[in-house]
Every structure is written in structure tokens, then in C-alpha cells.
Amino acid sequence: RKTADYLGFDVPAGMTTEQFEATIARCIEQPEFLKDWKRLNASQTLTEEMSAAVITPQGTRKSLEVFTAPVNNEAGDFVVRLWTFHDVTEKQQLQESLLHSQKQEAIGRLAGGFAHDFNNLLTGIQGNLFVAQLDANKTVGDIRDCLTTASDASKRAAHLVSQILGFSRKTRLQLRLHDVNQLLNRIMHLLRPSLPSEEACELKLSGDLQKVRVDDIQLEQVLLNICLNAADAIRD
């Protein structure tokens with residue numbers, strides 16, 4: 001009944017376990033949670049903690065922390081399975097708000113270096129296009145070289161913009177397999193332009209690391225904040 005209160009539906013007298021599970025199934029967003037629900041209800045020994053994302057019949061999205069354990073009598077015999085549900089929706093929203101705020105602060109600190117890098121790329125594009133137009137006697141090959149250099153610079157500028165937009169996006173947690181070395185190299189492209197010339201950041205990467213299941217944007221933010229805070233500590 002407590003679960004029903006959290007999820008916003010009624011439990012009429014005489015509702016069977018199967019009917020209750022079917023009602024919950026319409027609210028739970030993760031199919032794997034329902035599999036765990038049935039697996040644990042069939043066990044008399046397992047104790048586990050889980051999380052669940054649900055949508056109530058009223059259309060409200062909630063995040064729950066779930067704990068389940070067997071309850072035994074004094075003789076050690078199984079009596080019933082205990083389930084507890086804790087609504088952590090507000091806590092999760094506050095955590096997401098804090099992370100977004102920290103991310104925006106990091107972006108602000110990177111803005112100077114990003115603008116400098118982007119300006120250099122634009123200067124290269126404009127310079128090569130100007131040279132291509134300047135001399136009517138230039139050969140087709142010379143003009144093609146200028147245009148190729150300008151095109152390469154524009155691609156690097158687009159990649160730079162893509163990186164900063166990707167880092168700044170606000171999305172739900174997405175756990176995927178990533179190469180940590182690739183993530184660190186991406187961070188360096190964002191970090192190095194924002195460091196003073198007298199400061200340097202050097203990477204020493206191991207080539208035999210296994211991929212890890214992480215949210216790449218969250219990990220980048222954490223590592224970037226560590227590097228920026230370290231740079232501040234050096235200056236202090």
C-alpha cells in the first residue's frame with residue numbers, strides 16, 4: 001500500500017499480487033526493475049538496493065530508492081519479504097541543478113581560451129581567402145592550397161564549437177562504454193587554451209586501459225573542474 005501511495009494509485013480490497021505487479025508495470029520506466037522485482041520476490045535470502053524511475057497515473061515523474069530484504073522469525077525461517085521505497089525526486093533534482101551550475105561555471109572559465117582559439121582559426125580562414133583573391137596571377141594550384149587551408153581551419157573551428165556545445169548540454173545521465181584516454185584528450189583540447197603560457201598540463205596515458213561505463217559529459221566535467229581548481233591552487 002505504501003508503494004501505491006508513492007505511485008499515486010489505489011489498492012482495492014482483494015487485489016492479488018499479480019494485479020498489483022501489473023499495475024506497477026504500467027508506472028515503472030525500466031523493464032529490468034520488474035524482472036528484479038519478480039526475481040527477489042521468489043527468493044528467501046537475497047538483500048538488495050535498487051533505484052526506479054516511475055511515472056504516476058497523474059503524469060508525475062518520480063525517482064525512488066528501493067530496498068528489499070527477507071524477514072525471518074526467531075528460528076531463522078523465512079516469513080515475508082520486506083520492501084521499502086524512498087522518494088528521492090527532490091534530492092535528485094537538487095543534485096542535477098548543482099551539477100549544471102558547476103558546469104556553467106567551468107564553461108565561463110574556459111570562454112577566454114575558447115575565444116582566443118576560435119579567433120586564431122577565423123584569422124587563418126580570412127587570411128587564406130584574402131590571399132587567394134589578392135593576386136590574379138596565382139595558379140589554380142596556389143588558389144586550391146589556400147582554399148584547402150581555409151577549409152581545414154573551418155573544420156577545426158566547427159569541431160571546437162561542437163566540443164563546447166557537447167560539454168554544455170544538459171541531459172539526463174547516460175551510461176555508455178567509453179575509452180577514458182579519448183575523454184582525457186577531449187578535455188585537454190578544452191583546457192589548454194584557457195591556461196596561461198607559463199602553465200602546462202601534461203598527459204601520461206596508459207595504452208592498456210579497458211573501456212568503462214560512464215556518462216562522458218559528467219566525467220569530463222569532474223576532471224575539468226579538478227584541473228581548473230589545480231591551476232588556481234598553483235597560482236595561489
# chains A, B, ... in the order shown; residues from 1 in each chain; ligands from 1

call {"tool": "residues_around", "arguments": {"residues": "range 151-155 of chain A", "least_positions_apart": "4", "cutoff": "7 Å", "atoms": "only C-alpha atoms", "output": "PyMOL selection string"}}
result
chain A and resi 121+124-125+147+159

call {"tool": "residues_around", "arguments": {"residues": "Ala230 in chain A", "least_positions_apart": "4", "cutoff": "12 Å", "atoms": "only C-alpha atoms", "output": "list in words"}}
result
Leu191, Leu195, Glu199, Ala200, Cys201, Leu223, Leu224, Asn225, Ile226, Ile234, Arg235 and Asp236 of chain A

call {"tool": "write_last_selection", "arguments": {"atoms": "N, CA and C atoms", "output": "JSON list (two decimals), in the first residue's frame"}}
result
[["chain", "number", "residue", "atom", "x", "y", "z"],
["A", 191, "LEU", "N", 40.87, 22.51, -22.21],
["A", 191, "LEU", "CA", 41.59, 23.10, -21.08],
["A", 191, "LEU", "C", 42.79, 23.94, -21.49],
["A", 195, "LEU", "N", 44.69, 28.05, -20.16],
["A", 195, "LEU", "CA", 45.80, 28.14, -19.22],
["A", 195, "LEU", "C", 46.79, 29.23, -19.65],
["A", 199, "GLU", "N", 51.94, 28.08, -17.62],
["A", 199, "GLU", "CA", 51.42, 26.84, -17.04],
["A", 199, "GLU", "C", 51.19, 25.81, -18.14],
["A", 200, "ALA", "N", 51.42, 24.55, -17.79],
["A", 200, "ALA", "CA", 51.25, 23.47, -18.77],
["A", 200, "ALA", "C", 50.58, 22.29, -18.10],
["A", 201, "CYS", "N", 49.85, 21.55, -18.88],
["A", 201, "CYS", "CA", 49.20, 20.33, -18.40],
["A", 201, "CYS", "C", 49.65, 19.18, -19.29],
["A", 223, "LEU", "N", 36.60, 15.97, -14.17],
["A", 223, "LEU", "CA", 38.04, 16.08, -14.42],
["A", 223, "LEU", "C", 38.43, 17.51, -14.78],
["A", 224, "LEU", "N", 37.57, 18.18, -15.53],
["A", 224, "LEU", "CA", 37.87, 19.56, -15.89],
["A", 224, "LEU", "C", 37.88, 20.47, -14.66],
["A", 225, "ASN", "N", 36.93, 20.26, -13.75],
["A", 225, "ASN", "CA", 36.90, 21.05, -12.52],
["A", 225, "ASN", "C", 38.15, 20.79, -11.68],
["A", 226, "ILE", "N", 38.61, 19.53, -11.63],
["A", 226, "ILE", "CA", 39.83, 19.20, -10.89],
["A", 226, "ILE", "C", 41.01, 19.97, -11.47],
["A", 234, "ILE", "N", 47.82, 26.44, -7.91],
["A", 234, "ILE", "CA", 49.21, 26.75, -8.27],
["A", 234, "ILE", "C", 49.45, 28.25, -8.23],
["A", 235, "ARG", "N", 48.50, 29.01, -8.75],
["A", 235, "ARG", "CA", 48.67, 30.48, -8.76],
["A", 235, "ARG", "C", 48.64, 31.05, -7.35],
["A", 236, "ASP", "N", 47.81, 30.43, -6.47],
["A", 236, "ASP", "CA", 47.72, 30.92, -5.09],
["A", 236, "ASP", "C", 48.98, 30.59, -4.30]]

call {"tool": "residues_around", "arguments": {"residues": "range 48-55 of chain A", "least_positions_apart": "4", "cutoff": "8 Å", "atoms": "only C-alpha atoms", "output": "NGL selection string"}}
result
:A and (7 or 27-30 or 33 or 59-69)

call {"tool": "write_last_selection", "arguments": {"atoms": "N, CA, C and O atoms", "output": "compact mmCIF listing (two decimals), in the first residue's frame"}}
result
# COMPACT_ATOMS: atom_id res chain seq x y z
N LEU A 7 3.20 5.88 -5.86
CA LEU A 7 2.94 5.87 -7.29
C LEU A 7 1.60 6.49 -7.65
O LEU A 7 1.29 6.69 -8.82
N CYS A 27 3.67 1.78 -14.47
CA CYS A 27 4.30 3.00 -13.95
C CYS A 27 5.82 3.00 -14.09
O CYS A 27 6.44 4.05 -14.28
N ILE A 28 6.43 1.81 -13.96
CA ILE A 28 7.88 1.70 -13.97
C ILE A 28 8.42 1.90 -15.38
O ILE A 28 7.92 1.30 -16.33
N GLU A 29 9.47 2.73 -15.51
CA GLU A 29 10.05 3.00 -16.82
C GLU A 29 11.09 1.96 -17.24
O GLU A 29 11.38 1.82 -18.41
N GLN A 30 11.68 1.24 -16.27
CA GLN A 30 12.74 0.29 -16.59
C GLN A 30 12.22 -1.14 -16.53
O GLN A 30 11.84 -1.62 -15.46
N PHE A 33 13.74 -3.49 -13.87
CA PHE A 33 13.31 -3.42 -12.48
C PHE A 33 12.22 -4.45 -12.20
O PHE A 33 12.21 -5.08 -11.14
N GLY A 59 0.76 11.50 -14.26
CA GLY A 59 1.77 12.00 -15.19
C GLY A 59 2.99 12.60 -14.53
O GLY A 59 3.83 13.20 -15.20
N THR A 60 3.15 12.44 -13.22
CA THR A 60 4.30 12.98 -12.49
C THR A 60 5.45 11.98 -12.53
O THR A 60 5.27 10.80 -12.26
N ARG A 61 6.65 12.47 -12.87
CA ARG A 61 7.84 11.62 -12.89
C ARG A 61 8.48 11.62 -11.50
O ARG A 61 8.69 12.68 -10.92
N LYS A 62 8.81 10.43 -10.99
CA LYS A 62 9.44 10.31 -9.68
C LYS A 62 10.64 9.37 -9.74
O LYS A 62 10.69 8.46 -10.57
N SER A 63 11.59 9.63 -8.84
CA SER A 63 12.76 8.76 -8.69
C SER A 63 12.70 8.12 -7.31
O SER A 63 12.53 8.83 -6.30
N LEU A 64 12.82 6.82 -7.25
CA LEU A 64 12.72 6.08 -5.99
C LEU A 64 13.99 5.31 -5.71
O LEU A 64 14.61 4.75 -6.62
N GLU A 65 14.39 5.28 -4.44
CA GLU A 65 15.40 4.34 -3.96
C GLU A 65 14.67 3.19 -3.29
O GLU A 65 13.79 3.41 -2.46
N VAL A 66 15.03 1.98 -3.67
CA VAL A 66 14.29 0.79 -3.23
C VAL A 66 15.22 -0.14 -2.47
O VAL A 66 16.36 -0.39 -2.88
N PHE A 67 14.73 -0.64 -1.34
CA PHE A 67 15.47 -1.62 -0.54
C PHE A 67 14.56 -2.82 -0.27
O PHE A 67 13.37 -2.66 0.01
N THR A 68 15.14 -3.99 -0.39
CA THR A 68 14.36 -5.20 -0.10
C THR A 68 15.23 -6.22 0.62
O THR A 68 16.43 -6.34 0.36
N ALA A 69 14.59 -6.92 1.57
CA ALA A 69 15.31 -7.92 2.36
C ALA A 69 14.30 -8.94 2.91
O ALA A 69 13.13 -8.61 3.12

call {"tool": "select_by_dssp", "arguments": {"residues": "range 71-156 of chain A", "states": "alpha helix (DSSP H)", "output": "PyMOL selection string"}}
result
chain A and resi 89-134+140-156

call {"tool": "atom_distance", "arguments": {"atom1": "CA of Phe118 in chain A", "atom2": "CA of Thr149 in chain A"}}
result
15.3 Å
